[in-house]
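Text of run-v5.pdb, listed as PDB, C-alpha atoms:
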```
ATOM      1  CA  MET F 388      58.577 -39.607 -52.437
ATOM      2  CA  TRP F 389      56.928 -40.657 -49.189
ATOM      3  CA  GLU F 390      56.860 -37.039 -48.013
ATOM      4  CA  PHE F 391      55.123 -35.964 -51.230
ATOM      5  CA  THR F 392      52.608 -38.810 -50.930
ATOM      6  CA  GLY F 393      51.837 -37.932 -47.313
ATOM      7  CA  THR F 394      51.296 -34.274 -48.195
ATOM      8  CA  ALA F 395      49.031 -35.235 -51.089
ATOM      9  CA  ILE F 396      46.951 -37.505 -48.852
ATOM     10  CA  ILE F 397      46.588 -34.777 -46.222
ATOM     11  CA  ASN F 398      45.601 -32.218 -48.851
ATOM     12  CA  LEU F 399      43.067 -34.638 -50.319
ATOM     13  CA  PHE F 400      41.609 -35.275 -46.875
ATOM     14  CA  VAL F 401      41.364 -31.551 -46.119
ATOM     15  CA  PHE F 402      39.795 -30.884 -49.521
ATOM     16  CA  THR F 403      37.241 -33.651 -48.904
ATOM     17  CA  LEU F 404      36.326 -32.172 -45.531
ATOM     18  CA  LEU F 405      36.035 -28.737 -47.115
ATOM     19  CA  ILE F 406      33.590 -30.040 -49.712
ATOM     20  CA  ALA F 407      31.593 -31.863 -47.032
ATOM     21  CA  TYR F 408      31.242 -28.713 -44.939
ATOM     22  CA  LEU F 409      30.541 -26.327 -47.822
ATOM     23  CA  SER F 410      28.074 -28.574 -49.668
ATOM     24  CA  PRO F 411      25.081 -27.698 -47.419
ATOM     25  CA  LEU F 412      25.826 -23.991 -47.816
ATOM     26  CA  ALA F 413      26.081 -24.370 -51.582
ATOM     27  CA  TYR F 414      22.802 -26.315 -51.630
ATOM     28  CA  MET F 415      21.088 -23.576 -49.598
ATOM     29  CA  PHE F 416      22.379 -20.889 -51.913
ATOM     30  CA  VAL F 417      21.302 -22.730 -55.075
ATOM     31  CA  THR F 418      17.913 -23.615 -53.592
ATOM     32  CA  ALA F 419      17.263 -20.046 -52.504
ATOM     33  CA  LEU F 420      17.592 -18.910 -56.123
ATOM     34  CA  LYS F 421      15.009 -21.382 -57.451
ATOM     35  CA  GLU F 422      11.376 -20.702 -58.230
ATOM     36  CA  LYS F 423       8.633 -22.616 -56.445
ATOM     37  CA  GLU F 424       7.531 -24.365 -59.641
ATOM     38  CA  GLN F 425      10.913 -26.033 -60.054
ATOM     39  CA  PHE F 426      10.380 -28.150 -56.926
ATOM     40  CA  SER F 427       7.335 -29.842 -58.441
ATOM     41  CA  ASP F 428       9.339 -30.854 -61.511
ATOM     42  CA  ALA F 429      11.250 -34.050 -60.794
ATOM     43  CA  ALA F 430      13.212 -33.771 -64.044
ATOM     44  CA  SER F 431      14.506 -30.273 -63.370
ATOM     45  CA  PRO F 432      18.276 -29.769 -62.981
ATOM     46  CA  LEU F 433      19.998 -29.055 -59.679
ATOM     47  CA  TYR F 434      20.785 -25.463 -60.611
ATOM     48  CA  PRO F 435      18.071 -22.749 -60.776
ATOM     49  CA  ALA F 436      16.343 -23.132 -64.125
ATOM     50  CA  ARG F 437      13.015 -22.815 -65.914
ATOM     51  CA  HIS F 438      11.327 -24.388 -68.913
ATOM     52  CA  VAL F 439      12.046 -22.977 -72.323
ATOM     53  CA  GLU F 440       8.700 -21.732 -73.612
ATOM     54  CA  PHE F 441       7.408 -20.473 -76.945
ATOM     55  CA  GLU F 442       4.480 -18.127 -77.378
ATOM     56  CA  TYR F 443       2.010 -19.304 -80.013
ATOM     57  CA  GLU F 444      -1.305 -17.596 -80.730
ATOM     58  CA  GLY F 445      -1.147 -15.623 -77.485
ATOM     59  CA  LYS F 446      -0.279 -18.563 -75.211
ATOM     60  CA  SER F 447       3.029 -19.928 -73.912
ATOM     61  CA  TYR F 448       3.887 -23.587 -74.479
ATOM     62  CA  PRO F 449       6.882 -25.578 -73.161
ATOM     63  CA  VAL F 450       9.529 -26.663 -75.637
ATOM     64  CA  LEU F 451      10.466 -30.370 -75.641
ATOM     65  CA  LYS F 452      13.016 -32.538 -77.410
ATOM     66  CA  VAL F 453      10.974 -34.576 -79.883
ATOM     67  CA  PRO F 454      12.448 -37.524 -81.856
ATOM     68  CA  THR F 455      11.365 -37.353 -85.497
ATOM     69  CA  ASP F 456      12.408 -38.895 -88.798
ATOM     70  CA  ALA F 457      14.670 -35.889 -89.341
ATOM     71  CA  GLY F 458      16.305 -36.339 -85.941
ATOM     72  CA  VAL F 459      15.651 -34.835 -82.524
ATOM     73  CA  ARG F 460      13.923 -31.474 -82.844
ATOM     74  CA  GLU F 461      13.044 -28.816 -80.281
ATOM     75  CA  LEU F 462       9.291 -28.285 -80.619
ATOM     76  CA  ALA F 463       6.675 -26.557 -78.476
ATOM     77  CA  ILE F 464       3.844 -28.862 -77.412
ATOM     78  CA  VAL F 465       0.406 -27.361 -78.095
ATOM     79  CA  VAL F 466      -2.026 -30.294 -77.971
ATOM     80  CA  ARG F 467      -1.605 -33.144 -75.482
ATOM     81  CA  LYS F 468      -3.523 -36.388 -75.929
ATOM     82  CA  ARG F 469      -3.140 -39.888 -74.544
ATOM     83  CA  THR F 470      -1.448 -41.447 -77.582
ATOM     84  CA  TYR F 471      -0.348 -38.452 -79.608
ATOM     85  CA  ALA F 472       0.531 -34.786 -79.403
ATOM     86  CA  GLU F 473       0.736 -31.820 -81.700
ATOM     87  CA  PHE F 474       3.674 -29.458 -81.770
ATOM     88  CA  VAL F 475       4.699 -26.225 -83.376
ATOM     89  CA  ASP F 476       8.183 -25.432 -84.600
ATOM     90  CA  PRO F 477       9.463 -22.241 -82.872
ATOM     91  CA  ALA F 478      11.732 -21.659 -85.860
ATOM     92  CA  ASN F 479       8.818 -21.868 -88.321
ATOM     93  CA  PRO F 480       5.474 -21.365 -86.558
ATOM     94  CA  GLU F 481       3.784 -20.413 -89.848
ATOM     95  CA  ALA F 482       4.016 -24.067 -90.914
ATOM     96  CA  GLY F 483       1.247 -24.924 -88.456
ATOM     97  CA  LEU F 484       0.903 -27.858 -86.094
ATOM     98  CA  ILE F 485       3.045 -30.977 -86.419
ATOM     99  CA  HIS F 486       1.322 -34.281 -85.560
ATOM    100  CA  TRP F 487       3.395 -36.733 -83.501
ATOM    101  CA  GLU F 488       2.450 -40.248 -82.406
ATOM    102  CA  GLY F 489       3.711 -41.452 -79.037
ATOM    103  CA  ASN F 490       3.731 -40.772 -75.304
ATOM    104  CA  TRP F 491       4.635 -37.097 -74.934
ATOM    105  CA  ARG F 492       5.090 -37.531 -71.153
ATOM    106  CA  GLU F 493       8.384 -39.317 -71.787
ATOM    107  CA  LEU F 494       9.852 -36.460 -73.786
ATOM    108  CA  GLU F 495      12.749 -34.483 -72.359
ATOM    109  CA  ASN F 496      12.175 -30.917 -71.235
ATOM    110  CA  ILE F 497      14.531 -28.105 -72.181
ATOM    111  CA  TYR F 498      15.742 -25.791 -69.423
ATOM    112  CA  ILE F 499      17.644 -22.535 -69.281
ATOM    113  CA  PRO F 500      19.362 -21.059 -66.197
ATOM    114  CA  ASN F 501      17.010 -18.805 -64.268
ATOM    115  CA  ALA F 502      18.097 -17.429 -60.893
ATOM    116  CA  THR F 503      15.627 -15.273 -58.997
ATOM    117  CA  PHE F 504      16.018 -13.117 -55.895
ATOM    118  CA  ASP F 505      12.266 -12.830 -55.339
ATOM    119  CA  ASN F 506      12.517 -15.304 -52.468
ATOM    120  CA  PHE F 507      14.649 -12.899 -50.470
ATOM    121  CA  THR F 508      12.199 -10.081 -51.166
ATOM    122  CA  LYS F 509       9.284 -12.217 -49.968
ATOM    123  CA  LEU F 510      11.140 -13.182 -46.817
ATOM    124  CA  TRP F 511      12.266  -9.607 -46.182
ATOM    125  CA  ASN F 512       8.672  -8.352 -46.282
ATOM    126  CA  ALA F 513       6.686 -11.295 -44.889
ATOM    127  CA  ALA F 514       8.960 -12.074 -41.937
ATOM    128  CA  LYS F 515       9.550  -8.375 -41.121
ATOM    129  CA  PHE F 516      13.254  -8.979 -41.339
ATOM    130  CA  PRO F 517      14.488  -5.372 -40.878
ATOM    131  CA  MET F 518      12.633  -5.029 -37.567
ATOM    132  CA  THR F 519      13.736  -8.413 -36.238
ATOM    133  CA  VAL F 520      17.361  -7.844 -37.240
ATOM    134  CA  LYS F 521      17.309  -4.536 -35.367
ATOM    135  CA  ASN F 522      15.866  -6.300 -32.314
ATOM    136  CA  THR F 523      18.514  -9.008 -32.503
ATOM    137  CA  LEU F 524      21.326  -6.478 -32.739
ATOM    138  CA  ILE F 525      19.975  -4.565 -29.729
ATOM    139  CA  VAL F 526      19.728  -7.721 -27.621
ATOM    140  CA  ALA F 527      23.171  -8.855 -28.778
ATOM    141  CA  ALA F 528      24.788  -5.490 -28.047
ATOM    142  CA  ILE F 529      23.353  -5.102 -24.544
ATOM    143  CA  SER F 530      24.018  -8.702 -23.528
ATOM    144  CA  GLU F 531      27.491  -8.410 -25.073
ATOM    145  CA  VAL F 532      28.334  -5.563 -22.715
ATOM    146  CA  GLY F 533      27.008  -7.473 -19.736
ATOM    147  CA  VAL F 534      28.720 -10.767 -20.467
ATOM    148  CA  LEU F 535      32.074  -9.107 -21.179
ATOM    149  CA  LEU F 536      32.024  -6.978 -18.022
ATOM    150  CA  ALA F 537      30.988  -9.862 -15.781
ATOM    151  CA  SER F 538      33.179 -12.530 -17.383
ATOM    152  CA  ILE F 539      36.280 -10.318 -17.407
ATOM    153  CA  ALA F 540      35.773  -9.349 -13.759
ATOM    154  CA  VAL F 541      35.254 -12.938 -12.569
ATOM    155  CA  ALA F 542      38.085 -14.320 -14.709
ATOM    156  CA  TYR F 543      40.411 -11.607 -13.414
ATOM    157  CA  GLY F 544      39.520 -12.493  -9.845
ATOM    158  CA  PHE F 545      40.120 -16.216 -10.355
ATOM    159  CA  SER F 546      43.417 -15.673 -12.176
ATOM    160  CA  ARG F 547      45.051 -12.968 -10.067
ATOM    161  CA  PHE F 548      43.667 -13.077  -6.509
ATOM    162  CA  ARG F 549      43.908 -15.676  -3.768
ATOM    163  CA  ILE F 550      40.294 -16.341  -2.874
ATOM    164  CA  PRO F 551      39.458 -18.693   0.043
ATOM    165  CA  GLY F 552      38.162 -21.840  -1.611
ATOM    166  CA  GLY F 553      38.828 -20.285  -5.003
ATOM    167  CA  LYS F 554      39.783 -23.574  -6.658
ATOM    168  CA  TRP F 555      36.579 -25.228  -5.473
ATOM    169  CA  LEU F 556      34.511 -22.254  -6.565
ATOM    170  CA  PHE F 557      36.127 -22.392  -9.997
ATOM    171  CA  LEU F 558      35.462 -26.134 -10.275
ATOM    172  CA  LEU F 559      31.866 -25.524  -9.238
ATOM    173  CA  LEU F 560      31.587 -22.858 -11.911
ATOM    174  CA  ILE F 561      32.997 -25.179 -14.568
ATOM    175  CA  ALA F 562      30.634 -27.937 -13.421
ATOM    176  CA  THR F 563      27.675 -25.759 -14.373
ATOM    177  CA  ILE F 564      28.707 -26.199 -18.008
ATOM    178  CA  LEU F 565      27.677 -29.852 -17.725
ATOM    179  CA  ILE F 566      24.125 -28.968 -16.644
ATOM    180  CA  PRO F 567      21.767 -29.131 -19.667
ATOM    181  CA  GLU F 568      19.774 -25.994 -20.327
ATOM    182  CA  SER F 569      16.542 -27.994 -20.321
ATOM    183  CA  ILE F 570      16.984 -28.750 -16.600
ATOM    184  CA  THR F 571      17.041 -25.076 -15.615
ATOM    185  CA  LEU F 572      14.397 -24.037 -18.128
ATOM    186  CA  VAL F 573      11.357 -24.445 -15.858
ATOM    187  CA  PRO F 574      12.864 -22.840 -12.709
ATOM    188  CA  THR F 575      14.177 -19.841 -14.630
ATOM    189  CA  TYR F 576      10.867 -19.458 -16.442
ATOM    190  CA  PHE F 577       9.044 -19.426 -13.099
ATOM    191  CA  VAL F 578      11.404 -16.771 -11.730
ATOM    192  CA  TYR F 579      11.293 -14.549 -14.806
ATOM    193  CA  VAL F 580       7.553 -14.802 -15.474
ATOM    194  CA  ARG F 581       5.906 -15.348 -12.087
ATOM    195  CA  ILE F 582       8.211 -13.305  -9.855
ATOM    196  CA  PHE F 583       9.724 -10.600 -12.078
ATOM    197  CA  GLU F 584       6.879 -10.585 -14.656
ATOM    198  CA  TRP F 585       9.331 -10.346 -17.530
ATOM    199  CA  ASN F 586       7.232 -12.259 -20.045
ATOM    200  CA  GLY F 587       7.048 -10.391 -23.331
ATOM    201  CA  THR F 588      10.238  -8.408 -22.678
ATOM    202  CA  TRP F 589      13.921  -8.675 -23.554
ATOM    203  CA  TYR F 590      15.002  -8.925 -19.916
ATOM    204  CA  PRO F 591      15.177 -12.767 -19.794
ATOM    205  CA  LEU F 592      17.450 -12.678 -22.850
ATOM    206  CA  ILE F 593      19.741 -10.003 -21.398
ATOM    207  CA  ALA F 594      19.805 -10.081 -17.593
ATOM    208  CA  PRO F 595      21.458 -13.530 -17.106
ATOM    209  CA  TYR F 596      24.554 -12.452 -19.024
ATOM    210  CA  PHE F 597      25.299  -9.643 -16.585
ATOM    211  CA  PHE F 598      26.322 -12.465 -14.224
ATOM    212  CA  GLY F 599      28.844 -13.885 -16.686
ATOM    213  CA  ASN F 600      29.082 -17.169 -18.535
ATOM    214  CA  ALA F 601      31.014 -20.204 -17.327
ATOM    215  CA  ILE F 602      32.578 -21.002 -20.701
ATOM    216  CA  TYR F 603      33.652 -17.415 -21.328
ATOM    217  CA  ILE F 604      35.031 -17.093 -17.793
ATOM    218  CA  PHE F 605      37.066 -20.258 -18.306
ATOM    219  CA  LEU F 606      38.514 -19.016 -21.609
ATOM    220  CA  LEU F 607      39.416 -15.608 -20.194
ATOM    221  CA  ARG F 608      40.803 -17.015 -16.956
ATOM    222  CA  GLN F 609      43.137 -19.349 -18.838
ATOM    223  CA  ASN F 610      44.314 -16.455 -20.993
ATOM    224  CA  PHE F 611      44.836 -14.155 -18.015
ATOM    225  CA  LYS F 612      46.861 -16.843 -16.228
ATOM    226  CA  SER F 613      49.198 -17.088 -19.228
ATOM    227  CA  ILE F 614      50.232 -13.459 -18.700
ATOM    228  CA  PRO F 615      53.314 -13.400 -16.415
ATOM    229  CA  ARG F 616      52.798 -11.928 -12.960
ATOM    230  CA  ASP F 617      56.073 -10.059 -13.407
ATOM    231  CA  LEU F 618      54.089  -7.466 -15.330
ATOM    232  CA  ASP F 619      51.710  -7.059 -12.386
ATOM    233  CA  GLU F 620      54.555  -6.679  -9.917
ATOM    234  CA  ALA F 621      56.276  -4.095 -12.098
ATOM    235  CA  ALA F 622      53.047  -2.129 -12.348
ATOM    236  CA  MET F 623      52.487  -2.293  -8.579
ATOM    237  CA  LEU F 624      55.957  -0.856  -8.017
ATOM    238  CA  ASP F 625      54.812   2.115 -10.079
ATOM    239  CA  GLY F 626      51.764   2.493  -7.840
ATOM    240  CA  ALA F 627      49.179   0.761 -10.036
ATOM    241  CA  GLY F 628      46.187  -0.812  -8.318
ATOM    242  CA  PRO F 629      44.167  -3.893  -9.364
ATOM    243  CA  LEU F 630      41.901  -1.946 -11.730
ATOM    244  CA  ARG F 631      44.817  -0.134 -13.333
ATOM    245  CA  ILE F 632      46.600  -3.455 -13.840
ATOM    246  CA  LEU F 633      43.461  -4.922 -15.401
ATOM    247  CA  PHE F 634      42.899  -2.097 -17.874
ATOM    248  CA  SER F 635      46.533  -1.232 -18.612
ATOM    249  CA  ILE F 636      48.195  -4.661 -18.648
ATOM    250  CA  ILE F 637      45.796  -7.611 -18.639
ATOM    251  CA  LEU F 638      43.205  -6.474 -21.188
ATOM    252  CA  PRO F 639      45.657  -5.065 -23.778
ATOM    253  CA  GLN F 640      47.461  -8.412 -23.701
ATOM    254  CA  SER F 641      44.166 -10.329 -23.978
ATOM    255  CA  ILE F 642      42.491  -8.597 -26.902
ATOM    256  CA  PRO F 643      42.345 -11.822 -28.996
ATOM    257  CA  ALA F 644      40.662 -13.704 -26.136
ATOM    258  CA  VAL F 645      38.181 -10.910 -25.445
ATOM    259  CA  ALA F 646      37.403 -10.608 -29.164
ATOM    260  CA  THR F 647      36.844 -14.355 -29.370
ATOM    261  CA  VAL F 648      34.425 -14.277 -26.439
ATOM    262  CA  ALA F 649      32.595 -11.351 -28.032
ATOM    263  CA  LEU F 650      32.279 -13.190 -31.346
ATOM    264  CA  LEU F 651      31.158 -16.445 -29.749
ATOM    265  CA  HIS F 652      28.495 -14.636 -27.767
ATOM    266  CA  PHE F 653      27.297 -12.802 -30.866
ATOM    267  CA  PHE F 654      27.024 -16.121 -32.722
ATOM    268  CA  TYR F 655      24.974 -17.565 -29.874
ATOM    269  CA  THR F 656      22.705 -14.529 -29.568
ATOM    270  CA  TRP F 657      22.102 -14.304 -33.306
ATOM    271  CA  ASN F 658      21.000 -17.950 -33.561
ATOM    272  CA  GLU F 659      19.301 -18.225 -30.146
ATOM    273  CA  LEU F 660      15.786 -19.595 -30.543
ATOM    274  CA  ARG F 661      14.636 -21.384 -27.389
ATOM    275  CA  GLN F 662      14.657 -18.439 -24.983
ATOM    276  CA  ALA F 663      13.278 -16.056 -27.595
ATOM    277  CA  SER F 664      10.358 -18.337 -28.433
ATOM    278  CA  LEU F 665       9.665 -18.865 -24.733
ATOM    279  CA  TYR F 666       9.494 -15.223 -23.665
ATOM    280  CA  LEU F 667       8.764 -13.229 -26.837
ATOM    281  CA  GLY F 668       5.828 -15.210 -28.194
ATOM    282  CA  ILE F 669       3.329 -12.620 -26.938
ATOM    283  CA  ALA F 670       5.392  -9.659 -28.169
ATOM    284  CA  PRO F 671       5.624  -9.745 -31.996
ATOM    285  CA  LYS F 672       7.342  -6.346 -32.161
ATOM    286  CA  LEU F 673      10.180  -7.544 -29.905
ATOM    287  CA  ARG F 674      10.923 -10.827 -31.669
ATOM    288  CA  THR F 675      14.433 -11.647 -32.777
ATOM    289  CA  ALA F 676      15.319 -12.633 -36.327
ATOM    290  CA  ALA F 677      15.790 -16.352 -35.676
ATOM    291  CA  PHE F 678      12.506 -16.660 -33.796
ATOM    292  CA  ASN F 679      10.483 -14.656 -36.297
ATOM    293  CA  VAL F 680      11.741 -16.644 -39.273
ATOM    294  CA  GLN F 681      10.923 -19.868 -37.426
ATOM    295  CA  ALA F 682       7.452 -18.570 -36.537
ATOM    296  CA  TYR F 683       6.856 -17.511 -40.136
ATOM    297  CA  GLN F 684       7.735 -20.966 -41.409
ATOM    298  CA  THR F 685       5.519 -22.647 -38.804
ATOM    299  CA  LEU F 686       2.388 -20.507 -39.003
ATOM    300  CA  ASP F 687       2.373 -19.936 -42.752
ATOM    301  CA  PHE F 688       2.999 -22.515 -45.449
ATOM    302  CA  THR F 689       6.489 -21.796 -46.623
ATOM    303  CA  PRO F 690       7.903 -23.651 -49.633
ATOM    304  CA  GLU F 691      11.348 -25.129 -49.401
ATOM    305  CA  VAL F 692      12.776 -22.317 -51.444
ATOM    306  CA  LEU F 693      11.755 -19.734 -48.830
ATOM    307  CA  GLN F 694      13.191 -21.896 -46.064
ATOM    308  CA  ALA F 695      16.506 -22.025 -47.872
ATOM    309  CA  GLY F 696      16.380 -18.291 -48.409
ATOM    310  CA  ALA F 697      15.676 -17.761 -44.717
ATOM    311  CA  LEU F 698      18.606 -19.928 -43.695
ATOM    312  CA  LEU F 699      20.886 -18.163 -46.127
ATOM    313  CA  VAL F 700      19.920 -14.696 -44.918
ATOM    314  CA  MET F 701      20.285 -15.778 -41.285
ATOM    315  CA  ILE F 702      23.769 -17.163 -41.776
ATOM    316  CA  VAL F 703      25.289 -14.245 -43.703
ATOM    317  CA  PRO F 704      26.272 -12.076 -40.681
ATOM    318  CA  VAL F 705      27.697 -15.073 -38.875
ATOM    319  CA  LEU F 706      29.785 -16.041 -41.900
ATOM    320  CA  VAL F 707      31.137 -12.509 -42.221
ATOM    321  CA  LEU F 708      32.187 -12.420 -38.578
ATOM    322  CA  PHE F 709      33.590 -15.932 -38.786
ATOM    323  CA  ILE F 710      35.818 -14.925 -41.690
ATOM    324  CA  PHE F 711      37.271 -12.028 -39.701
ATOM    325  CA  GLN F 712      37.588 -14.088 -36.545
ATOM    326  CA  ARG F 713      40.904 -15.530 -37.678
ATOM    327  CA  PHE F 714      42.467 -12.066 -37.504
ATOM    328  CA  PHE F 715      41.609 -11.923 -33.812
ATOM    329  CA  MET F 716      42.676 -15.500 -33.151
ATOM    330  CA  GLN F 717      46.037 -15.519 -34.950
ATOM    331  CA  ASP F 718      47.974 -14.320 -31.872
ATOM    332  CA  MET F 719      45.946 -16.287 -29.343
ATOM    333  CA  VAL F 720      48.839 -18.552 -28.388
ATOM    334  CA  VAL F 721      51.252 -15.711 -27.728
ATOM    335  CA  THR F 722      51.673 -14.872 -24.048
ATOM    336  CA  GLY F 723      51.847 -11.385 -22.567
ATOM    337  CA  MET F 724      55.623 -11.457 -22.014
ATOM    338  CA  GLU F 725      56.302 -12.666 -25.561
ATOM    339  CA  LYS F 726      54.203  -9.852 -26.957
TER     340      LYS F 726
END
```
Using structure tokens, write down the structure from this file.
Amino acid sequence: MWEFTGTAIINLFVFTLLIAYLSPLAYMFVTALKEKEQFSDAASPLYPARHVEFEYEGKSYPVLKVPTDAGVRELAIVVRKRTYAEFVDPANPEAGLIHWEGNWRELENIYIPNATFDNFTKLWNAAKFPMTVKNTLIVAAISEVGVLLASIAVAYGFSRFRIPGGKWLFLLLIATILIPESITLVPTYFVYVRIFEWNGTWYPLIAPYFFGNAIYIFLLRQNFKSIPRDLDEAAMLDGAGPLRILFSIILPQSIPAVATVALLHFFYTWNELRQASLYLGIAPKLRTAAFNVQAYQTLDFTPEVLQAGALLVMIVPVLVLFIFQRFFMQDMVVTGMEK
């Protein structure tokens, strides 16, 4: 009994967390499908919807729920006055206008579901999304190669070679994780813009990753250290050198870790905004997707519906990769010898 109760409580807690995390995504999705007019209607439902309208004498009029002596009827309001209104019955428009005394502003509107994908079309064209996505993928791909090559090389050195002062160097490397990016922002900007003249190029977004990343180096180093050295010694007896050991033993055993680093870096590059806005502001054709959507929302008046659509479009690739990430991570805890 107690075991069943404990399991039920855990499941309820997990389900609550799931709802809490998915609610913003659901709100974004629903909002992205709404029309702009729905935001100005305080009585509109949460789901995408529009007023039910009836065309009378060449014009469209909203249909309201009107209390009458015969009960509540669905009538289209044609004439609106302070103390009365005149309606037409959509089922019998030939009967003419129906006079009604009262405050028509308090009447309930009638809505029908109405999802639209026009917001995505507007965003796709106005924010030049195809071009910026291509730019983002190029930056991500090049920096991905650099960060993997550098991080794997440094992590391999820290995990397999006896370097004088290696422990202190590794601690110093890890300590750089604690340094906020805002502290190094001005010095790096001075170096990239004043010395290298890289303003308006992709170089500031790519070049730093060819020197590795402290977090990625730490993750790879810990994974490499979990691989028994017996494999290295056996390979050396067969005449394998350090590079052969790296490519034939270490990396095949560390595919989940390398894939995780690659995914994490792609997530970061896809959503990176600060560096892109700092160096690509003068180069509209080189802007990344995140920066261009942000610039579009800032420079042009963008209704909430377009903002939600932008967020939804931006998060789709990350969600797809996040779903498949578990396939790379499922064997992360298995060591090289156990494999």
Report task. Figure out the distance between atom CA of Ile525 of chain F and atom CA of Lys672 of chain F, please, to one decimal in Å. Result ->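 Distance between the two atoms: 13.0 Å.
Taking atom CA of Gln662 of chain F as the reference point, atom CA of Val534 of chain F is found at 16.6 Å.
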Query - Expected selection from the PyMOL selection byres ((chain F and resi 461) around 8), given as number ranges by chain - result: F: 450-453, 459-460, 462-463, 476-477
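The closest residue to Arg674 of chain F, picked from F:Ser546, F:Thr392, F:Thr588, F:Asn512 and counting all atoms listed in the file, is F:Thr588.
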Query raised in the report: Between F:Pro615, F:Pro432, F:Pro480, F:Gly553, which has the minimum distance to Ile497 of chain F (counting only C-alpha atoms)?
Result: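 Ranked by minimum distance to Ile497 of chain F, first place goes to F:Pro432.
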Query raised in the report: Any idea what's packed within 7 Å of segment 572-587 of chain F, counting all atoms listed in the file, ignoring anything in its chain fewer than 4 positions away? Could you give it as a list of chain:residue names?
Result: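 Listing them by chain and then by number gives F:Glu568, F:Pro591, F:Tyr666, F:Leu667, F:Gly668, F:Ile669, F:Ala670.
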**Report entry** segment 441-449 of chain F surroundings by all atoms listed in the file, 12 Å radius, close-in-sequence under 5 positions cut, as a ChimeraX atom specification
**Finding:** /F:461-467,473-481,483-484,491,494-499
Query - Non-local contacts of Tyr596 of chain F (8 Å; all atoms listed in the file; under 4 positions in same chain excluded) as a PyMOL selection string - result: chain F and resi 530-531+533-534+537+600
Query - Proximity to Ile539 of chain F - best of F:Asn679, F:Thr403, F:Gln609, F:Ser664, only C-alpha atoms - result: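 When distances to Ile539 of chain F are compared using only C-alpha atoms, the smallest one comes from F:Gln609.
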Requested in this report: Between atom CA of Ala528 of chain F and atom CA of Glu659 of chain F, measure the distance and give it in Å to one decimal.
Outcome: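 Those two atoms sit 14.0 Å apart.
Here the PyMOL selection byres ((chain F and resi 657) around 8) matches the residues Thr523, Leu524, Ala527, Phe653, Phe654, Tyr655, Thr656, Asn658, Glu659, Ala676, Ala677 and Val705 of chain F.
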Counting all atoms listed in the file, which residues of segment 476-504 of chain F fall within 7 Å of segment 414-427 of chain F, and what is the closest atom pair for each with its distance in Å at one decimal, ordered by chain and rising number, as CSV?
```
residue,atom,partner,partner_atom,distance
F:Ala502,CA,F:Leu420,CA,5.0
F:Thr503,CA,F:Leu420,CA,5.0
F:Phe504,CA,F:Leu420,CA,6.0
```
Coordinates of box centre and edge lengths for segment 510-523 of chain F, 6 Å on every side, axis-aligned, as AutoDock Vina command-line options:
```
--center_x 12.6 --center_y -8.9 --center_z -39.6 --size_x 23.8 --size_y 20.6 --size_z 26.5
```
Report task. Mind checking which residues fall within 7 Å of Ala601 of chain F, counting only C-alpha atoms, ignoring those fewer than 3 positions away in the same chain, and posting them as a PyMOL selection string? Result -> chain F and resi 560-561+564+604-605
**Report entry** Nearby residues (all atoms listed in the file) at most 8 Å from Ala663 of chain F, same-chain spacing under 6 positions excluded, as JSON, numbers by chain
**Finding:** {"F": [592, 674, 675, 678]}
How would the residues just picked look written out with C-alpha atoms as a PDB file, in the frame of the given file?
```pdb
ATOM      1  CA  LEU F 592      17.450 -12.678 -22.850  1.00  0.00           C
ATOM      2  CA  ARG F 674      10.923 -10.827 -31.669  1.00  0.00           C
ATOM      3  CA  THR F 675      14.433 -11.647 -32.777  1.00  0.00           C
ATOM      4  CA  PHE F 678      12.506 -16.660 -33.796  1.00  0.00           C
TER       5      PHE F 678
END
```
